[in-house]
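First the structure, in the form of C-alpha cells, and then the observations on it.
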Amino acid sequence: MSVTVKTAVDHRPVWPALVRGMACKCPNCGEGKLFRAYLKVEDHCANCGEEFSHHRADDLPPYIAILIVGHILVGVMLHMEMTWTVNPMVYMAILVPLAIVMPLAMLPSIKGAVVALQWAVRMHGFDPANRKAA
Ligand SMILES: [Zn+2]
C-alpha cells in the first residue's frame, strides 16, 4: 500500500492560478507570458521555466466564449425587442459585429484560465507522476 504525502511545495492554489491565467500570465509565477501569439501557448515560462506544453485546452475556450456571448447577446436582443420596435437591420448592424468581436476579445483570457486550471489541478502532463512514457 502506497501513501501519497502532499507537501506545501506541491500545493497549487486554483484561484490565484485562474486569475494569473486570465491575465495571460504564467499560472505558477504570474510574471512570465502565457502566450507567444494570439492563442499560441508558450512552451515554457520565460521567468520561472514552468512547462506549458502539457496543456490540452482543445475546444473548451471557444465553447465557454460562445456560451458567455450567447447569453449576453440573447439578453440584449430580448431587451431591445420588448422595449422598442427595432428594425431587423439594427440587429444586423449591432449584434452581428458584437457576436464576432466579443468572443475574439475574450478567448485569450478564457484559454489562459483553462490552461491555468489544468496546471493547478495537475491535469494531463502537468503532474510528473501521471506523465505517460514517450
Ligand atoms: Zn512562470
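Chain labels follow the order of the C-alpha cells: the first chain is A, the next B, and so on; residue numbering restarts at 1 in every chain, and ligands are counted from 1 in their shown order.
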
As a ChimeraX atom specification, please: every protein or nucleic acid residue near ligand 1 (cut-off 8 Å, counting only C-alpha atoms and all ligand atoms). /A:25-33,44-50

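Using only C-alpha atoms, the contacts of Met102 of chain A at a cut-off of 12 Å, with sequence neighbours closer than 5 positions omitted, comprise Pro62, Ile64, Ala65, Ile66, Leu67, Ile68, Val69, Gly70, His71, Ile72, Leu73, Ile94, Leu95, Val96, Pro97, Leu107, Pro108, Ser109 and Ile110 of chain A.
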
Residue set, chain A restricted to alpha helix (DSSP H), as a VMD selection string: chain A and resid 14 to 22 60 to 83 88 to 120

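Compared by their closest atoms to Val74 of chain A, and using only C-alpha atoms, the residues A:Ala99, A:Val19, A:Ala113, A:Ala129 rank with A:Ala99 nearest.
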
From atom CA of Ala116 of chain A to atom CA of Arg20 of chain A the spacing works out at 7.5 Å

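Coordinates place atom CA of Tyr38 of chain A at a distance of 16.1 Å from atom CA of Ser53 of chain A.
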